[in-house]
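Enquirer: PDB, C-alpha atoms, pLDDT in the B column, file upload.pdb:
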```
ATOM      1  CA  MET A   1     -47.700-116.714-166.116  1.00 82.00           C
ATOM      2  CA  LEU A   2     -46.252-117.209-162.637  1.00 85.00           C
ATOM      3  CA  MET A   3     -48.396-120.321-162.118  1.00 86.00           C
ATOM      4  CA  THR A   4     -47.111-121.730-165.407  1.00 86.00           C
ATOM      5  CA  LEU A   5     -43.533-121.158-164.246  1.00 86.00           C
ATOM      6  CA  ILE A   6     -44.298-122.876-160.942  1.00 87.00           C
ATOM      7  CA  PHE A   7     -45.918-125.816-162.751  1.00 86.00           C
ATOM      8  CA  GLY A   8     -42.822-126.106-164.953  1.00 88.00           C
ATOM      9  CA  ILE A   9     -40.436-126.039-161.982  1.00 89.00           C
ATOM     10  CA  ALA A  10     -42.516-128.683-160.224  1.00 90.00           C
ATOM     11  CA  ALA A  11     -42.525-130.841-163.360  1.00 89.00           C
ATOM     12  CA  GLY A  12     -38.772-130.608-163.831  1.00 87.00           C
ATOM     13  CA  TRP A  13     -38.097-131.300-160.169  1.00 88.00           C
ATOM     14  CA  GLY A  14     -40.642-134.127-159.914  1.00 86.00           C
ATOM     15  CA  ALA A  15     -39.588-136.017-163.026  1.00 85.00           C
ATOM     16  CA  GLY A  16     -37.009-138.010-161.072  1.00 83.00           C
ATOM     17  CA  PHE A  17     -39.658-139.171-158.641  1.00 87.00           C
ATOM     18  CA  ALA A  18     -41.846-140.505-161.461  1.00 86.00           C
ATOM     19  CA  ASP A  19     -39.161-142.844-162.825  1.00 83.00           C
ATOM     20  CA  ASP A  20     -40.254-145.916-160.848  1.00 85.00           C
ATOM     21  CA  ASP A  21     -43.898-145.529-161.852  1.00 86.00           C
ATOM     22  CA  VAL A  22     -42.960-145.050-165.505  1.00 85.00           C
ATOM     23  CA  GLN A  23     -40.724-148.127-165.413  1.00 85.00           C
ATOM     24  CA  ARG A  24     -43.521-150.246-163.923  1.00 86.00           C
ATOM     25  CA  LEU A  25     -45.932-148.959-166.559  1.00 86.00           C
ATOM     26  CA  MET A  26     -43.467-149.640-169.391  1.00 83.00           C
ATOM     27  CA  VAL A  27     -42.817-153.183-168.147  1.00 85.00           C
ATOM     28  CA  LYS A  28     -46.543-153.810-167.957  1.00 86.00           C
ATOM     29  CA  VAL A  29     -47.399-152.284-171.342  1.00 85.00           C
ATOM     30  CA  LEU A  30     -44.405-153.515-173.327  1.00 80.00           C
ATOM     31  CA  LYS A  31     -44.291-156.896-171.585  1.00 81.00           C
ATOM     32  CA  ALA A  32     -40.527-156.512-171.325  1.00 76.00           C
ATOM     33  CA  ASP A  33     -38.019-157.284-168.638  1.00 78.00           C
ATOM     34  CA  ALA A  34     -37.098-154.334-166.417  1.00 71.00           C
ATOM     35  CA  GLN A  35     -33.387-154.769-167.173  1.00 77.00           C
ATOM     36  CA  THR A  36     -33.878-154.467-170.939  1.00 79.00           C
ATOM     37  CA  ILE A  37     -35.331-150.953-170.731  1.00 79.00           C
ATOM     38  CA  ASN A  38     -32.721-148.214-171.004  1.00 83.00           C
ATOM     39  CA  PRO A  39     -32.676-145.902-167.936  1.00 83.00           C
ATOM     40  CA  ILE A  40     -32.293-142.871-170.202  1.00 86.00           C
ATOM     41  CA  GLU A  41     -35.532-143.806-171.958  1.00 85.00           C
ATOM     42  CA  ILE A  42     -37.281-144.106-168.618  1.00 84.00           C
ATOM     43  CA  ARG A  43     -35.982-140.707-167.512  1.00 86.00           C
ATOM     44  CA  SER A  44     -36.980-139.015-170.780  1.00 87.00           C
ATOM     45  CA  ILE A  45     -40.454-140.558-170.820  1.00 86.00           C
ATOM     46  CA  SER A  46     -41.073-139.587-167.192  1.00 88.00           C
ATOM     47  CA  LEU A  47     -39.937-136.008-167.929  1.00 88.00           C
ATOM     48  CA  ALA A  48     -42.216-135.856-170.960  1.00 89.00           C
ATOM     49  CA  ALA A  49     -45.148-137.207-168.939  1.00 88.00           C
ATOM     50  CA  VAL A  50     -44.814-134.704-166.105  1.00 89.00           C
ATOM     51  CA  VAL A  51     -44.280-131.824-168.553  1.00 89.00           C
ATOM     52  CA  LEU A  52     -47.468-132.881-170.340  1.00 90.00           C
ATOM     53  CA  LEU A  53     -49.294-132.950-167.012  1.00 88.00           C
ATOM     54  CA  ALA A  54     -47.916-129.500-166.142  1.00 89.00           C
ATOM     55  CA  ALA A  55     -48.997-128.180-169.545  1.00 89.00           C
ATOM     56  CA  LEU A  56     -52.509-129.522-169.036  1.00 90.00           C
ATOM     57  CA  LEU A  57     -52.727-128.013-165.559  1.00 87.00           C
ATOM     58  CA  SER A  58     -51.424-124.727-166.881  1.00 87.00           C
ATOM     59  CA  TRP A  59     -53.980-124.777-169.668  1.00 88.00           C
ATOM     60  CA  ILE A  60     -56.833-125.446-167.225  1.00 89.00           C
ATOM     61  CA  ILE A  61     -55.813-123.286-164.258  1.00 88.00           C
ATOM     62  CA  ALA A  62     -53.455-120.576-165.492  1.00 79.00           C
ATOM     63  CA  SER A  63     -52.616-118.849-168.742  1.00 78.00           C
ATOM     64  CA  PRO A  64     -50.760-121.349-170.935  1.00 76.00           C
ATOM     65  CA  ASN A  65     -47.419-120.056-172.113  1.00 82.00           C
ATOM     66  CA  ALA A  66     -44.950-122.486-173.656  1.00 85.00           C
ATOM     67  CA  VAL A  67     -41.853-120.365-173.053  1.00 88.00           C
ATOM     68  CA  THR A  68     -42.619-119.909-169.366  1.00 88.00           C
ATOM     69  CA  LEU A  69     -43.346-123.621-168.975  1.00 86.00           C
ATOM     70  CA  ALA A  70     -40.102-124.574-170.756  1.00 88.00           C
ATOM     71  CA  LEU A  71     -38.127-122.122-168.598  1.00 90.00           C
ATOM     72  CA  GLY A  72     -39.713-123.595-165.486  1.00 89.00           C
ATOM     73  CA  VAL A  73     -38.873-127.149-166.538  1.00 89.00           C
ATOM     74  CA  PHE A  74     -35.293-126.099-167.259  1.00 90.00           C
ATOM     75  CA  LEU A  75     -35.010-124.506-163.811  1.00 89.00           C
ATOM     76  CA  GLY A  76     -36.678-127.499-162.171  1.00 89.00           C
ATOM     77  CA  VAL A  77     -34.148-129.875-163.688  1.00 87.00           C
ATOM     78  CA  LEU A  78     -31.131-127.603-163.206  1.00 89.00           C
ATOM     79  CA  LEU A  79     -31.596-126.208-159.683  1.00 88.00           C
ATOM     80  CA  PRO A  80     -31.340-129.510-157.732  1.00 86.00           C
ATOM     81  CA  ARG A  81     -28.157-130.380-159.606  1.00 86.00           C
ATOM     82  CA  LEU A  82     -26.671-126.951-158.907  1.00 89.00           C
ATOM     83  CA  ARG A  83     -27.570-127.344-155.238  1.00 88.00           C
ATOM     84  CA  ASP A  84     -25.794-130.713-155.152  1.00 86.00           C
ATOM     85  CA  MET A  85     -22.714-129.210-156.834  1.00 87.00           C
ATOM     86  CA  VAL A  86     -22.555-126.413-154.250  1.00 88.00           C
ATOM     87  CA  LYS A  87     -22.909-128.916-151.409  1.00 87.00           C
ATOM     88  CA  ALA A  88     -20.152-131.080-152.884  1.00 83.00           C
ATOM     89  CA  ALA A  89     -17.864-128.078-153.299  1.00 82.00           C
ATOM     90  CA  ARG A  90     -18.326-127.092-149.640  1.00 83.00           C
ATOM     91  CA  ALA A  91     -17.693-130.589-148.321  1.00 77.00           C
ATOM     92  CA  PRO A  92     -14.028-131.264-147.582  1.00 75.00           C
ATOM     93  CA  ASP A  93     -12.335-134.085-149.468  1.00 72.00           C
ATOM     94  CA  TYR A  94     -10.519-136.170-146.894  1.00 73.00           C
ATOM     95  CA  ASP A  95      -9.466-138.831-149.390  1.00 69.00           C
ATOM     96  CA  ALA A  96      -7.042-136.589-151.249  1.00 59.00           C
TER      97      ALA A  96
END
```
Would you mind writing the structure in this file as structure tokens?
Expert:
Amino acid sequence: MLMTLIFGIAAGWGAGFADDDVQRLMVKVLKADAQTINPIEIRSISLAAVVLLAALLSWIIASPNAVTLALGVFLGVLLPRLRDMVKAARAPDYDA
């Protein structure tokens, strides 16, 4: 169960890094221009792809548990944004 949580956190955190590869694949498969593809679609497809990969790894290596995987993905997406918010709150605003 812990491995499934770790796979989920890694999938949620790594989805942003897969965006460029997903965009290249979509341009190649759909034969579309890169500017016509919506960035939200790219982000959602990359998140779905890495969650699918994490689910497969969890099924092969660890005990598959959908709730633990979903919780891990949620934490993987949320924690970097919370870290950035805390950093921004600590940084002084000299423009004001």
Enquirer: Using the chain letters and numbering of this document, enumerate as a ChimeraX atom specification the residues selected by the PyMOL selection byres ((chain A and resi 55-58) around 8).
Expert: /A:3-4,7-8,51-54,59-64,69
Enquirer: Which residues, named as in the file, does the PyMOL selection byres ((chain A and resi 10-22) around 6) pick out? Answer as a count of residues only.
Expert: 13
Enquirer: Just to confirm, what's the straight-line distance from CA of Leu75 (chain A) to CA of Ile6 (chain A) in Å (one decimal)?
Expert: 9.9 Å
Enquirer: So how far away is CA of Ala49 (chain A) from CA of Thr68 (chain A), in Å?
Expert: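 Spanning CA of Thr68 (chain A) to CA of Ala49 (chain A) is a straight-line distance of 17.5 Å.
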Enquirer: So how many Å separate CA of Ser44 (chain A) and CA of Val27 (chain A), to one decimal?
Expert: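 Rounded to one decimal, the two atoms are 15.5 Å apart.
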Enquirer: Looking at all atoms listed in the file, which of A:Met1, A:Leu78, A:Ala89, A:Ala48 is the one that sits closest to Asn65 (chain A)?
Expert: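 Looking at the shortest contact to Asn65 (chain A), the residue is A:Met1.
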